Amino acid sequence: MARILITSALPYINGVKHLGNLAGSMLPADVYARFNRAMGHEVLFICATDEHGTPAELAAIEAGQTAAQYCDEQHEIQKRVGAGFNLSFDWFGRSSREPNRKLTQHFADVLEDKGLIDERTSKQVYSVDDKRFLPDRYVEGTCPNCGYEKARGDQCDNCGTLLDPIQLINPYSSVSGSRNVEIRDTRHLYLLQSKLQDKVRKFVDDRAANWPNLTTSIAYKWLDEGLIDRSITRDLQWGVPVTRNGAPRPGFENKVFYVWFDAPVEYIGSTVEWAEANNQNWERWWRTDKGADDLTYVQFMGKDNVAFHTVSFPVTILGSEEPWKLVDKLKAFNWLNWYGGKFSTSQKRGVFMDQALELLPGDYWRWYLTANAPESSDTAFTWEAFKACINSDLNDVLGNFVNRITKYTAAKFDGKVPDGGEPGEHEAWMANELATRLPQLIAHYEAMEFRKAATETRAIWAAGNEYITKSAPWTAYKTSVDQAAVGIRTGLNLVALFGVIAQPIVPETAKKILDAIGVPDDRRSLNPEKLGQGGYAALLDVLPRSKPIEVPPQLFTKIEDTQVAEWTARFGGG
RNA sequence: GGUGGGAUAGCUCAGCCGGUUAGAGCGCAGGACUCAUAAUCCUGAGGUCCCCGGUUCGAUUCCGGGUCCCACUACCA
């Protein structure tokens with residue numbers, strides 16, 4: 001039994017996330033967590049809302065709330081939506097809670113003690129009417145390059161030129177539209193990343209073999225360009241207060257740590273929250289001097305987050321010279337697009353997590369988004385593909401198989417696992433299918449190749465249909481009830497097995513199947529040592545004979561063309 | 001601009017560290033079956049592997065150049 005720590009990139013507090021966010025971090029992390037639990041490993045699966053920063057503060061103002069009220073509300077919404085998708089977090093924390101504040105302040109103290117933090121003065125745009133400093137992106141004006149009038153302070157969306165807000169002609173605040181903006185001096189703490197260049201490179205070198213290309217190429221890009229010292233504080237109210245040795249830092253009373261400095265720390269902070277709530281020991285998962293040296297730490301995220309996890313956060317950890325657990329495997333995803341374009345709230349393009357659950361149960365989305373995960377490149381969501389995938393894979397291949405076997409059992413075998421007959425060539429064929437396919441399935445999961453895992457899962461389900469066509473118990477029944485009994489007994493055992501392998505991706509459906517067949521919890525393991533015990537042929541005869549089973553309620557409902565039309569009109573597409 | 005990812009069947013994608021007839025699912029056409037949710041099973045049609053060069057006995061695969069899409073580019077997160 002291994003110990004595995006799994007974290008998903010923290011969803012930002014600013015509103016419910018869309019399907020792309022779900023598909024690129026939280027869902028695959030959950031599938032991986034469920035797979036490893038089903039293998040019998042000890043898993044701790046941690047997530048949280050990332051609550052600090054300018055967008056949260058502005059959204060709160062917009063909503064007429066304090067930042068704390070706004071985050072309280074949004075956190076509950078995200079937590080509820082996550083639960084709706086059966087995301088099996090052991091803890092879903094908040095970066096605004098006390099453990100993260102203390103840890104963030106601790107890291108800043110230690111880094112300063114090691115000589116890795118400097119105070120420096122920089123120039124920043126200040127909006128007099130908004131009474132706030134503006135991040136580059138929140139300053140707009142005329143592009144000096146192309147004359148576009150709505151260029152942002154970091155980049156012109158029209159011509160693509162990278163800008164400094166000072167370069168903008170007629171700058172104004174995008175918060176209020178006020179042109180009363182000026183450049184002011186402001187003092188900030190800088191993390192001297194340049195001093196850790198070699199340490200971080202060694203850290204990446206040590207792991208590169210275990211990281212996908214997408215991950216290593218991004219990490220090396222930053223390293224090859226050379227790490228630059230980075231400001232880790234901001235002129236904001238909402239965030240982790242800047243302290244020095246437990247007291248407010250003079251001159252920094254109105255500043256907080258930069259959200260990207262405290263957000264990754266919340267992986268640890270959320271674990272502390274979990275430990276406090278459950279009377280557990282969090283250090284066992286994070287301190288290599290206190291038991292965390294034997295575990296594997298796996299992170300899941302979209303590609304936009306990779307640099308922060310391969311370089312920035314390691315700078316914090318390595319710079320502290322304290323024995324913190326660092327990431328071992330890092331799985332990054334590309335984007336899920338909406339019909340080839342971006343998800344967009346304002347243009348009514350795309351489905352958000354809460355809306356998705358209004359349309360269909362979580363398992364439908366989980367299946368589609370796993371089977372079509374944007375692993376090697378960006379992937380397009382379309383209603384047509386979604387409908388075809390759900391109707392075929394879930395409804396026709398899996399749902400109908402469970403239905404046809406259990407109903408026949410009820411009709412001809414008194415609702416009990418049949419006892420007669422001996423297995424023959426068809427059962428041998430099926431056992432052989434399992435012998436090749438089950439190990440492949442497990443290998444795909446272990447390699448975190450989720451599309452392939454879904455494809456293999458479906459192939460196993462389809463093999464069940466092929467088997468039952470070959471053995472044709474309904475034909476055999478006319479001449480030999482014992483012959484039919486073998487087919488149906490094998491079919492029922494396949495139903496149970498299909499439920500077991502469905503658990504990581506469609507947990508709710510898997511539970512319905514396994515409960516109906518009466519598979520006890522300790523027989524739901526995916527571990528090959530338990531699965532293949534006595535050979536794969538034995539898997540086809542593990543249910544106690546004469547044991548009563550139930551016909552589960554219809555597992556899925558087909559998606560109709562009328563629904564596709566309705567959803568396309570409501571959410572965009574085509 | 002820089003760095004990286006991608007381009008393969010009508011659609012979504014595998015694959016190829018160079019080697020018989022390039023694969024899967026969906027969709028489409030035909031057939032079988034009737035236990036089941038008009039489901040399932042079998043067979044078939046369908047490809048200039050983005051373009052141009054190069055290396056090679058042989059290139060979809062390797063190399064060079066180009067085209068198009070996407071991400072990141074450090075103060076949005």
# chains A, B, ... in the order shown; residues from 1 in each chain; ligands from 1
>>> interface_residues(of="chain B", to="chain A", cutoff="6 Å", atoms="only C-alpha atoms (C1' of nucleotides)", output="VMD selection string")
chain B and resid 6 35 to 36 41 75
>>> residues_around(residues="A:Ser178", least_positions_apart="3", cutoff="7 Å", atoms="only C-alpha atoms (C1' of nucleotides)", output="PyMOL selection string")
chain A and resi 129+172-173
>>> select_by_dssp(residues="stretch 155-388 of chain A", states="strand (DSSP E)", output="ChimeraX atom specification")
/A:169-173,181-191,230-231,233-234,243-244,247-248,256-257,296-302,329-333,336-338,379-381
>>> residues_around(residues="A:Asn337", least_positions_apart="4", cutoff="12 Å", atoms="only C-alpha atoms (C1' of nucleotides)", output="MDAnalysis selection string")
(chainID A and resid 18:21 23:24 341:344 349:351 369 372:374 377:382 573) or (chainID B and resid 70)
>>> residues_around(residues="A:Gly15", least_positions_apart="6", cutoff="10 Å", atoms="only C-alpha atoms (C1' of nucleotides)", output="list of chain:residue names")
A:Ala56, A:Ala59, A:Cys71, A:Gln74, A:His75, A:Ile77, A:Gln78, A:Phe352
>>> residues_around(residues="stretch 287-302 of chain A", least_positions_apart="2", cutoff="7 Å", atoms="only C-alpha atoms (C1' of nucleotides)", output="tab-separated table (two decimals) with C-alpha atoms, in the first residue's frame")
chain	number	residue	atom	x	y	z
A	2	ALA	CA	1.35	3.36	-1.03
A	3	ARG	CA	0.59	6.80	0.34
A	4	ILE	CA	-0.47	9.38	-2.20
A	5	LEU	CA	-1.06	13.09	-1.69
A	6	ILE	CA	-3.16	14.61	-4.45
A	7	THR	CA	-3.89	18.29	-4.95
A	8	SER	CA	-5.97	20.00	-7.59
A	9	ALA	CA	-5.20	23.56	-8.67
A	24	GLY	CA	-8.44	20.39	-16.47
A	25	SER	CA	-7.77	19.90	-12.79
A	29	ALA	CA	-7.55	14.76	-9.77
A	283	GLU	CA	2.81	16.98	9.18
A	284	ARG	CA	2.76	13.33	8.19
A	285	TRP	CA	1.72	14.54	4.73
A	304	ASP	CA	-1.46	28.21	-17.31
A	305	ASN	CA	-0.55	27.13	-13.78
A	323	PRO	CA	12.03	19.80	5.01
A	324	TRP	CA	8.76	20.33	3.13
A	325	LYS	CA	7.41	17.73	0.73
A	327	VAL	CA	5.77	17.67	-5.86
A	328	ASP	CA	6.72	14.34	-7.47
A	329	LYS	CA	4.35	14.03	-10.42
A	330	LEU	CA	2.70	16.93	-12.15
A	331	LYS	CA	-0.14	16.37	-14.59
A	332	ALA	CA	-0.98	19.39	-16.72
A	333	PHE	CA	-3.90	19.79	-19.09
A	334	ASN	CA	-4.58	21.86	-22.16
>>> closest_residue(among="B:C62, B:C13, B:C50, B:C68", to="B:C26", atoms="only C-alpha atoms (C1' of nucleotides)")
B:C13
>>> closest_residue(among="B:G2, B:G65, B:A7, B:C49", to="B:G23", atoms="only C-alpha atoms (C1' of nucleotides)")
B:C49
>>> decode(residues="stretch 6-21 of chain B", atoms="N, CA and C atoms (P, O5', C5', C4', C3', O3' and C1' of nucleotides)", output="tab-separated table (two decimals), in the first residue's frame")
chain	number	residue	atom	x	y	z
B	6	G	P	2.78	18.07	-29.50
B	6	G	O5'	1.52	18.56	-30.35
B	6	G	C5'	0.22	18.15	-30.01
B	6	G	C4'	-0.79	18.91	-30.81
B	6	G	C3'	-0.83	18.64	-32.30
B	6	G	O3'	-1.48	17.42	-32.58
B	6	G	C1'	-1.02	20.95	-31.93
B	7	A	P	-1.04	16.59	-33.91
B	7	A	O5'	-1.80	17.37	-35.06
B	7	A	C5'	-3.22	17.52	-35.00
B	7	A	C4'	-3.68	18.35	-36.16
B	7	A	C3'	-3.47	17.69	-37.52
B	7	A	O3'	-4.58	17.93	-38.38
B	7	A	C1'	-2.34	19.76	-37.44
B	8	U	P	-5.70	16.81	-38.51
B	8	U	O5'	-4.87	15.52	-38.90
B	8	U	C5'	-4.49	15.30	-40.24
B	8	U	C4'	-4.42	13.82	-40.50
B	8	U	C3'	-5.69	13.05	-40.18
B	8	U	O3'	-6.65	13.14	-41.22
B	8	U	C1'	-3.85	11.94	-39.22
B	9	A	P	-8.17	13.22	-40.88
B	9	A	O5'	-8.81	11.89	-41.45
B	9	A	C5'	-8.95	11.72	-42.86
B	9	A	C4'	-10.20	10.93	-43.16
B	9	A	C3'	-11.46	11.50	-42.51
B	9	A	O3'	-12.55	11.41	-43.41
B	9	A	C1'	-11.15	9.25	-41.86
B	10	G	P	-12.82	12.55	-44.45
B	10	G	O5'	-14.00	13.34	-43.72
B	10	G	C5'	-14.56	14.51	-44.31
B	10	G	C4'	-15.75	14.92	-43.48
B	10	G	C3'	-15.43	15.06	-41.99
B	10	G	O3'	-15.07	16.39	-41.68
B	10	G	C1'	-17.25	13.57	-42.28
B	11	C	P	-13.96	16.65	-40.55
B	11	C	O5'	-14.74	16.30	-39.21
B	11	C	C5'	-15.75	17.18	-38.70
B	11	C	C4'	-16.20	16.68	-37.36
B	11	C	C3'	-15.07	16.48	-36.34
B	11	C	O3'	-14.78	17.69	-35.67
B	11	C	C1'	-16.42	14.53	-36.40
B	12	U	P	-13.31	17.91	-35.07
B	12	U	O5'	-13.26	16.88	-33.86
B	12	U	C5'	-14.03	17.09	-32.68
B	12	U	C4'	-13.75	16.02	-31.67
B	12	U	C3'	-12.26	15.77	-31.40
B	12	U	O3'	-11.73	16.73	-30.50
B	12	U	C1'	-13.36	13.70	-31.71
B	13	C	P	-10.15	16.93	-30.41
B	13	C	O5'	-9.66	15.49	-29.94
B	13	C	C5'	-8.40	14.99	-30.32
B	13	C	C4'	-8.41	13.51	-30.04
B	13	C	C3'	-7.06	12.81	-30.18
B	13	C	O3'	-6.31	12.97	-29.00
B	13	C	C1'	-8.74	11.54	-31.26
B	14	A	P	-4.73	12.73	-29.02
B	14	A	O5'	-4.66	11.15	-28.89
B	14	A	C5'	-4.10	10.39	-29.90
B	14	A	C4'	-4.28	8.94	-29.58
B	14	A	C3'	-3.03	8.12	-29.85
B	14	A	O3'	-2.18	8.06	-28.74
B	14	A	C1'	-4.86	7.18	-31.00
B	15	G	P	-0.61	8.34	-28.91
B	15	G	O5'	-0.20	7.32	-30.05
B	15	G	C5'	-0.32	5.91	-29.85
B	15	G	C4'	-0.06	5.20	-31.13
B	15	G	C3'	1.29	5.52	-31.77
B	15	G	O3'	2.31	4.72	-31.20
B	15	G	C1'	-0.41	5.65	-33.41
B	16	C	P	3.74	5.38	-30.90
B	16	C	O5'	4.58	5.14	-32.21
B	16	C	C5'	4.51	3.90	-32.92
B	16	C	C4'	4.94	4.15	-34.33
B	16	C	C3'	6.17	5.03	-34.47
B	16	C	O3'	7.36	4.25	-34.42
B	16	C	C1'	4.47	5.78	-35.94
B	17	C	P	8.25	4.26	-33.12
B	17	C	O5'	9.52	5.12	-33.57
B	17	C	C5'	9.54	6.51	-33.31
B	17	C	C4'	10.89	6.85	-32.77
B	17	C	C3'	12.06	6.14	-33.47
B	17	C	O3'	12.42	6.82	-34.66
B	17	C	C1'	12.32	5.99	-31.13
B	18	G	P	13.10	6.06	-35.91
B	18	G	O5'	11.89	5.25	-36.54
B	18	G	C5'	10.76	5.93	-37.10
B	18	G	C4'	10.31	5.15	-38.33
B	18	G	C3'	10.72	3.69	-38.26
B	18	G	O3'	9.70	2.72	-38.39
B	18	G	C1'	11.68	4.77	-40.18
B	19	G	P	8.43	2.45	-38.85
B	19	G	O5'	8.61	1.52	-40.12
B	19	G	C5'	7.93	1.86	-41.33
B	19	G	C4'	7.80	0.65	-42.22
B	19	G	C3'	7.39	-0.61	-41.45
B	19	G	O3'	6.55	-1.44	-42.25
B	19	G	C1'	9.52	-0.92	-42.44
B	20	U	P	5.36	-1.31	-43.12
B	20	U	O5'	4.26	-2.27	-42.49
B	20	U	C5'	3.14	-2.62	-43.31
B	20	U	C4'	3.61	-3.28	-44.58
B	20	U	C3'	2.50	-3.63	-45.54
B	20	U	O3'	2.94	-3.43	-46.87
B	20	U	C1'	3.59	-5.62	-44.82
B	21	U	P	2.00	-2.60	-47.85
B	21	U	O5'	0.55	-2.49	-47.20
B	21	U	C5'	-0.41	-1.63	-47.83
B	21	U	C4'	-1.79	-1.92	-47.33
B	21	U	C3'	-2.10	-1.52	-45.88
B	21	U	O3'	-2.62	-0.20	-45.85
B	21	U	C1'	-3.00	-3.68	-46.41
